[in-house]
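Colleague: Starting off with a structure, shown below.
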Amino acid sequence: METASKYSPQQIENQWYDYWMKHKFFASTPDERTPYTIVIPPPNVTGVLHMGHMLNNTIQDVLIRKARLQGFNACWVPGTDHASIATEAKVVARLKEQGISKSDLSREEFLAHAWEWKNEYGGVILDQLKKLGCSCDWDRTAFTMDPNLSNSVIKVFVDLFNKGLIYRGNRMVNWDPEALTTLSDEEVIYEEKQGLLYYISYQVAGSDQRLTIATTRPETIFGDTAICVHPEDKRFTHLHGKKAIVPLCGREIPIIADAYVDMEFGTGCLKVTPAHDLNDKALGEKHNLEVIDIFNPNATLNSFGMGYEGMDRFDARKKVSKDLEAQNFLVKTEQHLNKVGTSERTKAVIEPRLSDQWFLKMETLAQPALKAVLEDEEIKLFPKKFENTYRHWMENIRDWNISRQLWWGQQIPAYYFGAGREDFVVAENIETALTLAREKSGNSSLTSQDLRQDEDALDTWFSSWLWPMSVFNGILEPDNEEINYYYPTNDLVTGPDIIFFWVARMVVAGYEFRGEKPFSNVYFTGLVRDAQRRKMSKSLGNSPDALKLIEDYGADGVRVGLLLSSAAGNDLMFDEALCQQGKNFANKIWNGFRLIQSWEVADIPQPESAKTAIEWYSALFNKTVLELEDHFSKYRISDALMATYKLLWENYSSWLLELIKPQYQQAVDRTTKTQVIALMENNLRILHPFMPFLSEDIWQQIKERSPEEALIVNHWPEVSPVDQSDLLAGFEWAKQVVSEVRTIRKEKQIAQKEVLDMFVMHPSNPLLYWTAGIEKLANLTPLQLTQSPIEGALSFRVDAYEYFIPIAGAIDLDAEIAKVTEELAYTKGFLTSVEKKLSNDRFVSNAPEAVIALEKKKQSDAIAKIETLEQSLVYLRG
RNA sequence: GGGCCCUUAGCUCAGCUGGUUCAGAGCACCUGCCUUACAAGCAGGGGGUCACUGGUUCGAACCCAGUAGGGCCCACCA
């Protein structure tokens, strides 16, 4: 059957993915083998595949496929994350399109819409991962709001509450006025923004005196409840204990003194707005100030904003500033650069807001997690530099705000039974809650109707921090077979941007709920950027369509393209040209197979050149597999791929196949064909993690295979422990000889098909290696020995060997002399430097023996070469 | 403001404990080839003051100090 000369991935990829699925090769169940487990970083259920996912999941698939070949029970658990803020925002937007407002719906109605949305659109991303070739155990696909996973979250909440680690507090939180929810500190991004610093004059009550404060937020004057000065600031001593009148609203507020104020900044007078600034809140508590919250949840002014009620905070700022100016309260404005917190999800400017929230105490929980990474090396981070980041966060950890003012997520299992601040209980279900509430209130006539569950949902990360356990139901049934078998997982592959959100918290949860790490290694990928180093983003439109890329270059091509330049932790400059390189590589392998497949076999003896070539390649393959192991053990996936790439392209295709190729239209001997197919099969084994489709396809074309014999479940090549470095070095030397002949052909414009004679001369020990191969590749008549230089011949040298190719009229004597003279001068200089080193006592006494031996070898080689060159020169000069 | 990291060829990066024969790779580039596996290819070639300045050492891309430039993380200065 004719095989196409171009590899076309499109039809092949779907075919093999279906085949693997049909035979359940991705599925894993506990057995006697050692497990190798990866849990996917669950993408947002609303997500679509982008380049970051492609990179991340390609790496996971490489690891899982390699582990599978190595005989581990490989289990890659896929799934999605309910992503409360992002998903709720999408559902709200969709309802809005339908003319429905969230506020018109009950919680149940809204959740019904959300589930409908999830079932319709959610998980598209998982189907996209299949196109990439990801060999996840799809039967295990989990969702962070699946019943078991949600119940795990509730159980953990109750458990932590009962341990006294969860508390409810009125705290200044990061409020997202767009999403109408709280954000954790980690979800706030500070951006430098050029703004104005407003100088506003306040009248001192009962006098003509005035004082001037500087603020970036004039609209918050309605919430002012004090003016603060530094107690040692001489300029303002006379104001201590007096009152000031807030412009526009005319309220009197105390003037207090506190060392918190920076005398250098602004005017040295600070307006204090306890409801809208974290520091002001602290000041307020210290000085017993009134707290006036002037905003509605959507950051419009409320009734405290008087005439500005209903106005957005930024509009109010302009209006207030204008009005202050009109009434001569505004002294001046100055340009001022300040950092503004914005929401990671909605980009809205965060409003510090006081509210009741649930918090998890982190300090003691963090201790085992810190120790596991930094002291015990139970968990290793790749690259290691992230350990510093991890340590810094863990050592300065703050309590985690785990409540969100959203419906989509696990509802906080706190039940209120009265109006008092402490009138609540926490329980896994309402029945237990009722019992507890009756006890706590002393009122045995309470019914479930009297209980009101907290409206808020838990932070999404409060469910995903359990992911490596909850996907195996290890929280609800801590002793089940699956969790005992698969946990702790092996590798986690994720981005450094979620080291705090997710990685660190999973470690915390692992030790707290299971007394064991969640994974052994964490591999941080870099960010995918475009060729101009810009972050890929939807708004820039510089992110290529992932599925289109797969269509154009094949999944294998894209995988190779992504991996080629992604050293761990380094950002990846994505360039489509890399996918083209991947596609070209696939085609190269394809044609390499096409060649051997086309050979007719005959019962003829194996040529010497083929025999030695196969021995050499086997040795090189062996060595490469060892290198691959080393790269993989350090998570240098890119280097592992490059080693495979060079082995297959440069050595297998360009050297081995050329050496064993039969003459045109002639048959190959049986031994060679059998051996090269075995070598090809080995190639496919190491290629498979990177290019699963192509490798499986060729594997199956080599011969008919039963499903159990599929490449995906075959085995990793075994490595011989025999040292074959002499064999490899010998071949490298032969390659040099061949290259030199090719260079001469090119310089002298001698066609490859023209057969040449060649002589070899060595001053002492003319041993000939690899002659058959050299003769074949350089297209030579049998190599001849000579004791003295050949007249009128072109020459070149490799080590102490000198080669002569007699070509009538081709030689330019002066040029030859110049060439040899130059080579001689260089070699002499080199020898001098080596000898200088060797005659240096301090070098000889300090350097390790191996280094000295090496220098001695350099010395003797150089001496031999100089001898050859000098002899040659004498001859050339006649 | 605090902490961490980086600077090696046109580009993207290796370079491990300081020690091979002018410092490596891939891509790009230049030259010659439509040679019967592959032009998505073959063969050959050019290209680097290892950011800069000093120091330690028999020996420095690598260790130390400083300088310049770039990046990341953390932090409540109105």
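Naming scheme: A, B, ... for chains in displayed order of the structure tokens; residues 1 onward per chain; ligands 1 onward as shown.
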Could you tell me, as an MDAnalysis selection string, which residues of region 110-299 of chain A DSSP assigns to helix (DSSP H, G or I) when given the backbone?

Modeller: chainID A and resid 110:121 124:132 138:140 147:162 185:187 218:223 234:239 278:287

Colleague: Do me a favour and pick out the residues of chain B within 9 Å of chain A, using only C-alpha atoms (C1' of nucleotides), as a tab-separated table (two decimals) with N, CA, C and O atoms (P, O5', C5', C4', C3', O3' and C1' of nucleotides), in the first residue's frame.

Modeller:
```tsv
chain	number	residue	atom	x	y	z
B	3	G	P	15.42	43.62	51.66
B	3	G	O5'	14.76	42.35	50.98
B	3	G	C5'	14.42	41.21	51.77
B	3	G	C4'	13.60	40.25	50.98
B	3	G	C3'	14.27	39.66	49.75
B	3	G	O3'	15.18	38.63	50.08
B	3	G	C1'	12.08	40.31	49.19
B	4	C	P	16.47	38.38	49.14
B	4	C	O5'	15.82	37.64	47.89
B	4	C	C5'	15.22	36.36	48.05
B	4	C	C4'	14.49	35.98	46.79
B	4	C	C3'	15.33	35.94	45.52
B	4	C	O3'	16.12	34.77	45.43
B	4	C	C1'	13.33	37.07	45.06
B	5	C	P	17.57	34.87	44.71
B	5	C	O5'	17.17	34.99	43.16
B	5	C	C5'	16.52	33.90	42.52
B	5	C	C4'	15.95	34.35	41.21
B	5	C	C3'	16.96	34.80	40.16
B	5	C	O3'	17.62	33.70	39.55
B	5	C	C1'	15.14	36.28	40.16
B	12	U	P	14.44	37.08	22.74
B	12	U	O5'	14.19	35.51	22.88
B	12	U	C5'	12.87	34.98	22.76
B	12	U	C4'	12.91	33.50	22.98
B	12	U	C3'	13.61	33.05	24.26
B	12	U	O3'	12.76	33.19	25.38
B	12	U	C1'	14.36	31.72	22.45
B	13	C	P	13.38	33.25	26.84
B	13	C	O5'	14.05	31.82	26.87
B	13	C	C5'	15.14	31.53	27.69
B	13	C	C4'	15.63	30.18	27.27
B	13	C	C3'	16.76	29.61	28.10
B	13	C	O3'	16.23	29.01	29.27
B	13	C	C1'	17.28	29.34	25.81
B	14	A	P	17.13	28.77	30.54
B	14	A	O5'	17.79	27.39	30.12
B	14	A	C5'	19.15	27.34	29.85
B	14	A	C4'	19.51	25.94	29.51
B	14	A	C3'	20.74	25.46	30.27
B	14	A	O3'	20.37	24.78	31.44
B	14	A	C1'	21.14	25.32	27.96
B	19	G	P	33.55	23.99	35.78
B	19	G	O5'	35.08	23.69	35.47
B	19	G	C5'	35.83	24.59	34.65
B	19	G	C4'	36.98	23.85	34.05
B	19	G	C3'	36.66	22.41	33.69
B	19	G	O3'	37.22	22.11	32.43
B	19	G	C1'	38.51	22.47	35.17
B	20	U	P	36.43	22.53	31.16
B	20	U	O5'	36.42	21.23	30.26
B	20	U	C5'	36.57	21.41	28.87
B	20	U	C4'	37.98	21.11	28.50
B	20	U	C3'	38.25	21.30	27.01
B	20	U	O3'	39.65	21.54	26.87
B	20	U	C1'	38.27	19.00	27.53
B	21	U	P	40.17	22.87	26.53
B	21	U	O5'	40.04	22.72	24.95
B	21	U	C5'	40.45	23.79	24.14
B	21	U	C4'	40.27	23.37	22.69
B	21	U	C3'	38.87	22.85	22.35
B	21	U	O3'	38.50	23.40	21.11
B	21	U	C1'	40.50	21.35	21.61
B	25	A	P	26.14	23.81	18.64
B	25	A	O5'	24.65	23.57	19.14
B	25	A	C5'	24.26	22.29	19.63
B	25	A	C4'	22.85	22.35	20.11
B	25	A	C3'	21.85	22.89	19.10
B	25	A	O3'	21.48	21.87	18.20
B	25	A	C1'	21.47	23.91	21.19
B	26	G	P	21.13	22.21	16.71
B	26	G	O5'	19.67	22.77	16.85
B	26	G	C5'	18.59	21.93	17.23
B	26	G	C4'	17.37	22.77	17.47
B	26	G	C3'	17.04	23.75	16.35
B	26	G	O3'	16.32	23.11	15.32
B	26	G	C1'	17.00	24.89	18.40
B	27	C	P	16.52	23.54	13.82
B	27	C	O5'	15.84	24.99	13.78
B	27	C	C5'	14.44	25.14	14.00
B	27	C	C4'	14.10	26.58	14.25
B	27	C	C3'	14.50	27.56	13.13
B	27	C	O3'	13.54	27.56	12.08
B	27	C	C1'	15.14	28.44	15.22
B	32	G	P	24.24	29.90	-4.38
B	32	G	O5'	24.45	28.33	-4.44
B	32	G	C5'	25.69	27.79	-4.89
B	32	G	C4'	25.70	26.31	-4.66
B	32	G	C3'	24.48	25.57	-5.19
B	32	G	O3'	24.57	25.39	-6.59
B	32	G	C1'	24.98	24.79	-3.02
B	35	U	P	16.55	15.93	-7.46
B	35	U	O5'	17.53	14.90	-8.18
B	35	U	C5'	18.83	14.77	-7.91
B	35	U	C4'	19.15	13.49	-7.15
B	35	U	C3'	18.07	13.02	-6.17
B	35	U	O3'	17.23	12.06	-6.82
B	35	U	C1'	20.17	13.17	-5.08
B	36	U	P	15.67	12.04	-6.58
B	36	U	O5'	15.53	10.99	-5.41
B	36	U	C5'	14.44	11.05	-4.52
B	36	U	C4'	13.85	9.66	-4.36
B	36	U	C3'	14.83	8.63	-3.83
B	36	U	O3'	14.07	7.72	-3.07
B	36	U	C1'	14.06	7.93	-5.92
B	37	A	P	14.71	7.23	-1.71
B	37	A	O5'	13.56	7.87	-0.81
B	37	A	C5'	12.21	7.43	-0.95
B	37	A	C4'	11.41	8.10	0.11
B	37	A	C3'	11.59	9.62	0.12
B	37	A	O3'	10.67	10.21	-0.77
B	37	A	C1'	11.90	8.75	2.31
B	38	C	P	11.01	11.61	-1.42
B	38	C	O5'	10.76	12.63	-0.24
B	38	C	C5'	9.44	12.85	0.26
B	38	C	C4'	9.53	13.59	1.57
B	38	C	C3'	10.25	14.93	1.48
B	38	C	O3'	9.34	15.94	1.11
B	38	C	C1'	11.05	13.69	3.35
B	40	A	P	8.18	22.49	1.56
B	40	A	O5'	8.42	22.02	3.08
B	40	A	C5'	8.96	22.92	4.07
B	40	A	C4'	9.14	22.12	5.33
B	40	A	C3'	9.83	20.79	5.05
B	40	A	O3'	11.03	20.53	5.71
B	40	A	C1'	7.57	20.43	5.82
B	41	G	P	11.86	20.55	6.74
B	41	G	O5'	12.86	19.37	6.42
B	41	G	C5'	12.38	18.08	6.05
B	41	G	C4'	13.14	17.54	4.87
B	41	G	C3'	14.65	17.69	4.90
B	41	G	O3'	15.24	16.76	5.78
B	41	G	C1'	13.88	18.21	2.76
B	42	C	P	16.60	17.10	6.54
B	42	C	O5'	17.65	16.93	5.36
B	42	C	C5'	17.88	15.65	4.80
B	42	C	C4'	18.95	15.76	3.75
B	42	C	C3'	20.23	16.45	4.19
B	42	C	O3'	21.06	15.58	4.94
B	42	C	C1'	19.58	17.31	2.10
B	43	A	P	21.97	16.18	6.13
B	43	A	O5'	23.12	16.89	5.30
B	43	A	C5'	24.01	16.11	4.52
B	43	A	C4'	24.88	17.01	3.72
B	43	A	C3'	25.61	18.10	4.49
B	43	A	O3'	26.73	17.60	5.18
B	43	A	C1'	24.67	19.02	2.55
B	44	G	P	27.23	18.31	6.52
B	44	G	O5'	27.83	19.68	5.99
B	44	G	C5'	29.05	19.68	5.26
B	44	G	C4'	29.28	21.02	4.65
B	44	G	C3'	29.46	22.18	5.62
B	44	G	O3'	30.75	22.21	6.19
B	44	G	C1'	28.01	22.83	3.89
B	58	C	P	46.21	30.41	43.76
B	58	C	O5'	46.38	30.13	42.21
B	58	C	C5'	47.61	30.43	41.55
B	58	C	C4'	47.61	29.82	40.18
B	58	C	C3'	46.34	30.08	39.37
B	58	C	O3'	46.41	31.32	38.70
B	58	C	C1'	46.85	27.78	39.29
B	59	G	P	45.16	32.27	38.66
B	59	G	O5'	44.14	31.41	37.79
B	59	G	C5'	44.38	31.27	36.38
B	59	G	C4'	43.36	30.34	35.79
B	59	G	C3'	41.91	30.75	35.99
B	59	G	O3'	41.51	31.69	35.01
B	59	G	C1'	42.17	28.46	36.49
B	73	C	P	3.57	39.31	39.78
B	73	C	O5'	3.94	38.99	41.29
B	73	C	C5'	3.85	37.66	41.78
B	73	C	C4'	4.48	37.58	43.16
B	73	C	C3'	3.87	38.49	44.20
B	73	C	O3'	2.67	37.95	44.74
B	73	C	C1'	6.21	38.65	44.33
B	74	C	P	1.54	38.95	45.24
B	74	C	O5'	2.18	39.53	46.58
B	74	C	C5'	2.35	38.69	47.71
B	74	C	C4'	3.16	39.39	48.76
B	74	C	C3'	2.56	40.67	49.34
B	74	C	O3'	1.55	40.40	50.29
B	74	C	C1'	4.82	41.04	48.87
B	76	C	P	-1.20	45.62	53.03
B	76	C	O5'	-1.12	47.10	52.52
B	76	C	C5'	-2.21	47.64	51.78
B	76	C	C4'	-2.53	49.02	52.27
B	76	C	C3'	-1.31	49.93	52.38
B	76	C	O3'	-1.03	50.52	51.13
B	76	C	C1'	-2.58	50.07	54.38
B	77	C	P	0.42	50.94	50.70
B	77	C	O5'	0.36	52.53	50.65
B	77	C	C5'	1.18	53.32	51.45
B	77	C	C4'	0.35	54.24	52.31
B	77	C	C3'	0.00	55.59	51.65
B	77	C	O3'	-1.28	55.58	51.02
B	77	C	C1'	1.18	55.96	53.65
B	78	A	P	-1.41	56.24	49.57
B	78	A	O5'	-2.66	57.22	49.64
B	78	A	C5'	-2.64	58.29	50.52
B	78	A	C4'	-3.67	58.05	51.57
B	78	A	C3'	-4.96	58.82	51.35
B	78	A	O3'	-6.05	58.06	51.85
B	78	A	C1'	-3.86	59.60	53.30
```

Colleague: Using only C-alpha atoms (C1' of nucleotides), which protein or nucleic acid residues come within 9 Å of region 462-475 of chain A? Drop anything in the same chain fewer than 5 positions from it, and give the result as a PyMOL selection string.

Modeller: chain A and resi 38-39+41-42+77+79+81+140-145+148-153+155-157+402+409-410+480-484+486-489+501-510+513-514+518-519

Colleague: Find the residues near Phe359 (chain A): any atom within 10 Å, counting only C-alpha atoms (C1' of nucleotides), skip ones fewer than 3 places away on the same chain, and give them as a list in words.

Modeller: Phe161, Leu165, Ile166, Tyr167, Arg168, Gly169, Asn170, Arg171, Asp356, Met362, Arg398, Asp399, Trp400, Asn401, Ile402 and Ser403 of chain A

Colleague: What lies within 10 Å of region 722-729 of chain A using only C-alpha atoms (C1' of nucleotides), ignoring chain neighbours under 4 positions off, as a PyMOL selection string?

Modeller: chain A and resi 612+615-620+622-623+733-735

Colleague: Can you list, as a PDB file with C-alpha atoms (C1' of nucleotides), in the first residue's frame, every protein, DNA or RNA residue that comes within 10 Å of G15 (chain B) when you count only C-alpha atoms (C1' of nucleotides), leaving out same-chain residues fewer than 5 positions away?

Modeller:
```
ATOM      1  C1'   U B   8      25.334  34.141  27.239  1.00  0.00           C
ATOM      2  C1'   A B  23      31.436  28.794  24.926  1.00  0.00           C
ATOM      3  C1'   G B  24      26.537  24.893  23.254  1.00  0.00           C
ATOM      4  C1'   A B  61      30.156  32.572  31.893  1.00  0.00           C
ATOM      5  C1'   C B  62      30.066  30.066  36.815  1.00  0.00           C
TER       6        C B  62
END
```

Colleague: Quick one: distance from CA of Gln209 (chain A) to CA of Thr273 (chain A) in Å, one decimal?

Modeller: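 Computed distance, CA of Gln209 (chain A) to CA of Thr273 (chain A), equals 22.2 Å.
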
Colleague: Write down as a PyMOL selection string the residues belonging to region 377-610 of chain A that are assigned strand (DSSP E or B) by DSSP computed on the backbone.

Modeller: chain A and resi 380-382+400-401+403-404+411+414-416+424-426+452-453+457-458+489-494+519-524+528-529+535+572-573+601-602

Colleague: Which of these, A:Trp655, A:Trp117, A:Tyr36, A:Phe796, has the shortest distance to Leu777 (chain A) once you count only C-alpha atoms?

Modeller: A:Trp655

Colleague: Please list as an NGL selection string every residue within 8 Å of Val798 (chain A), counting only C-alpha atoms (C1' of nucleotides) and excluding residues in the same chain fewer than 4 positions away.

Modeller: :A and (733 or 736-737 or 802)

Colleague: Now that the selection is made, can you save its residues with all heavy atoms as a compact mmCIF listing (two decimals), in the first residue's frame?

Modeller:
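Ended up saving to result.txt:
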```
# COMPACT_ATOMS: atom_id res chain seq x y z
N TRP A 733 34.05 10.49 15.63
CA TRP A 733 35.26 10.72 14.86
C TRP A 733 34.99 10.41 13.38
O TRP A 733 35.36 11.17 12.49
CB TRP A 733 36.36 9.85 15.47
CG TRP A 733 37.59 9.72 14.68
CD1 TRP A 733 38.65 10.57 14.67
CD2 TRP A 733 37.91 8.67 13.78
NE1 TRP A 733 39.62 10.12 13.82
CE2 TRP A 733 39.17 8.95 13.25
CE3 TRP A 733 37.23 7.51 13.36
CZ2 TRP A 733 39.81 8.12 12.33
CZ3 TRP A 733 37.85 6.69 12.44
CH2 TRP A 733 39.12 6.99 11.93
N GLN A 736 33.18 13.13 11.70
CA GLN A 736 34.05 14.26 11.34
C GLN A 736 34.73 14.01 10.01
O GLN A 736 34.85 14.90 9.18
CB GLN A 736 35.14 14.43 12.40
CG GLN A 736 34.75 15.33 13.52
CD GLN A 736 35.98 15.63 14.38
OE1 GLN A 736 36.97 16.15 13.91
NE2 GLN A 736 35.90 15.26 15.65
N VAL A 737 35.20 12.78 9.82
CA VAL A 737 35.87 12.45 8.58
C VAL A 737 34.91 12.64 7.40
O VAL A 737 35.24 13.28 6.40
CB VAL A 737 36.42 11.00 8.61
CG1 VAL A 737 37.04 10.63 7.27
CG2 VAL A 737 37.43 10.85 9.74
N GLU A 802 45.90 11.95 9.06
CA GLU A 802 45.85 12.86 7.94
C GLU A 802 45.27 12.11 6.74
O GLU A 802 45.62 10.96 6.48
CB GLU A 802 47.24 13.38 7.61
CG GLU A 802 47.23 14.37 6.45
CD GLU A 802 48.38 15.35 6.50
OE1 GLU A 802 49.40 15.00 7.09
OE2 GLU A 802 48.24 16.46 5.95
```

Colleague: So, with only C-alpha atoms as the atoms that count, which of A:Ile292, A:Ala818, A:Ala259, A:Ile221 lies closest to Arg313 (chain A)?

Modeller: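 Using only C-alpha atoms, Arg313 (chain A) sits closest to A:Ile221.
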